[in-house]
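Colleague: Sending over a structure as structure tokens; questions will come in a sec.
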Amino acid sequence: MKYAKKKKSVHSVKFNAVMNILLTASNMLIGLFTVPYVTRVLSVEGYGNVSFAQNMSSWLSALCLVGVSTYGVRECAKVRDDPVALASLVRELLLIITFFTAIVLTLFAVSIFLIPRFRELAPLMWMFLVSTLLLSYGVEWYYQAIEQYQYITIRSVFFKLLSLVSTFLFVRNVDDWLIYGAIFALMVCGNNVFNIFRLFETLDFRHLPPANFKRHFKPLCSFTILTVATSTYLSFDSVLLGMLNANNVQVALYQLAAKIKNICWQFVNAIVGVLIPRLAYYVKNEPEKYFVLLKRGYDFTLNICLGCMFFLFIYAKPVVVMFSSAKYIDATLPTKIIGIVNFCSCMSYFFGLCILTPLGRENKYATANLIGVPISLILNILFDGRFGAVGASVAIFVAEGTIFIKQIQDSHDILSSFVTIKDTLRTIVSHIAAFAVASGIYYFCSCAGFKDHITGSAIIILVLGFIGYVFTWLIAALLLHEDTAHWALDTISTIRKK
């Protein structure tokens, strides 16, 4: 029986990982079609207007959810085998969300009338107010906790495809940014309506004991600080950038760099999203498995983050041109900086959600992120008006770098139990070798007459560079006996045999 249970558990993790990979791949592919299309069709300012409103919505959503999106995954995972306890917990969390959503969205509605920049974009802001409401009741945290990744994947892919088709059909002219905003705000987030209806089908909220909100106050304080702090320097910085400039052109440049960074983040989120409920379960029930799974996740995350950072540092310009054409060429330097930011933020994300949170150290996770808020706000106010997107990129780099260092300190006792200097050096050296080869390929392409500011040439340069980087990393990592490379090779071999 124990063997069967163990086999089922392993199968579950693999299946969830496959579902999350499919979800990530679909999000990336849809993004690879949508972003290049809308940035070419819309004006830079029009794209910036939508990005400005979308980031405002993201920041407000963090205020509405008050940390439930993270806290809910952990707590629901603990009681997922007890239907009554699970239903009671979900009901309490939904009522908390409702209370804060009502306050936040009322204040936002008033601000649309009072703040000039919001008033200029009033139709767009109202759409994203509705989007924020839909995000509040997405209950994605519940489905992650009970590991219903198949449902999450199918639902998400369907609505993303629907939004992609709608974008191609209705966003046709330079001034169609309001239509794009409507598609983004309402259709992409509208799938959350299905989540809440399905919730009432899967849980029985009748005959539950009296609600106990008090038990959530202390842990939610930490998670609220965490999510609001994170969204302040990841979303509100774009709002500040728009407010401190005459229009939203700089927001468009900065957000393009952020979109490129988001591709790597989606990979990391796919890994972490699967690991969080499983790690929370292992910590409580099977501690020895916690460290085995944690090391695999850490090695994989480190390799992805290093690869994206080094690759973007070399190929930022052709990446920008491929995504959006030469009219966004000024986003090249922000993209290089954001590549370094991505390394810090994704590793911090892993430390916080896979080490600190399962061990009940969310207060340290929150404190680390809180440190980044004043740094981000001060530097954005100082730099954004003068340096635009570059200033915003520098501000988030300093903030994320500070958080990264603090997270390492807070996780040191756990990290030291499975991370060695020798293993880390193997990983870094393999990426340095790949960096050197990819740099040589870029130089060769330039000498051969390929123009990195022309879309066709930029794509060729990127394909050659990517192939060169990946193969060099794989060979170097295998020669150095790096764990992730061996795991990747074994996985490929298994797939080929099947």
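Chain identifiers are assigned as A, B, and so on, following the order in which chains appear in the structure tokens; residues are numbered from 1 within each chain, and ligands are numbered from 1 in order of appearance.
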Which residues are close to Leu293 in chain A, i.e. within 8 Å by only C-alpha atoms, leaving aside same-chain residues fewer than 3 positions away? Reply as a ChimeraX atom specification.
Modeller: /A:275,279,289-290,296-297
Colleague: So that I can see what lies close to Ile263 in chain A, please list as a VMD selection string the residues with an atom at most 10 Å from it, counting only C-alpha atoms and leaving out residues fewer than 3 positions away in the same chain.
Modeller: chain A and resid 24 to 25 27 to 29 31 to 32 258 to 260 266 to 269 308
Colleague: For the selection you just gave me, I'd like the residues written to a file as a PDB file, in the first residue's frame, keeping C-alpha atoms.
Modeller:
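Once written, result_39.pdb looks like this:
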ATOM      1  CA  THR A  24       3.511  28.004 -19.478  1.00  0.00           C
ATOM      2  CA  ALA A  25       4.237  27.013 -23.072  1.00  0.00           C
ATOM      3  CA  ASN A  27       1.132  31.483 -22.359  1.00  0.00           C
ATOM      4  CA  MET A  28       4.530  32.025 -23.940  1.00  0.00           C
ATOM      5  CA  LEU A  29       3.355  31.132 -27.431  1.00  0.00           C
ATOM      6  CA  GLY A  31       2.498  36.157 -25.828  1.00  0.00           C
ATOM      7  CA  LEU A  32       4.935  35.619 -28.691  1.00  0.00           C
ATOM      8  CA  ALA A 258       9.090  43.608 -18.516  1.00  0.00           C
ATOM      9  CA  LYS A 259       7.130  41.444 -20.990  1.00  0.00           C
ATOM     10  CA  ILE A 260      10.381  39.913 -22.226  1.00  0.00           C
ATOM     11  CA  GLN A 266       6.640  32.070 -16.433  1.00  0.00           C
ATOM     12  CA  PHE A 267       9.087  29.179 -16.526  1.00  0.00           C
ATOM     13  CA  VAL A 268      10.023  29.771 -12.903  1.00  0.00           C
ATOM     14  CA  ASN A 269       6.383  30.225 -11.891  1.00  0.00           C
ATOM     15  CA  CYS A 308      18.022  34.291 -19.381  1.00  0.00           C
TER      16      CYS A 308
END
Colleague: Env of Leu129 in chain A: 9 Å cut, atoms = only C-alpha atoms, seq-sep filter 5 positions within chain, self excluded. Answer as a count of residues only.
Modeller: 8
Colleague: From the options A:Ala488, A:Ala326, A:Leu95, A:Val251, which residue's atoms come nearest to Gly46 in chain A, counting only C-alpha atoms?
Modeller: A:Val251
Colleague: Neighbours of range 377-387 of chain A within 6 Å (only C-alpha atoms; same-chain residues fewer than 3 positions away dropped), as a list of chain:residue names?
Modeller: A:Leu241, A:Leu244, A:Asn245, A:Pro374, A:Val390, A:Gly391, A:Ala392, A:Ala395
Colleague: Would you mind listing what lies within 7 Å of range 218-226 of chain A as a ChimeraX atom specification, with only C-alpha atoms counted and same-chain residues fewer than 2 positions away left out?
Modeller: /A:66-67,71,216,228-230,362-363,365-366,369-370
Colleague: Which one is closest to Ala85 in chain A: A:Gln54, A:Asn342, A:Asn212, A:Thr70? Count only C-alpha atoms.
Modeller: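 Of A:Gln54, A:Asn342, A:Asn212, A:Thr70, the one nearest Ala85 in chain A, counting only C-alpha atoms, is A:Asn212.
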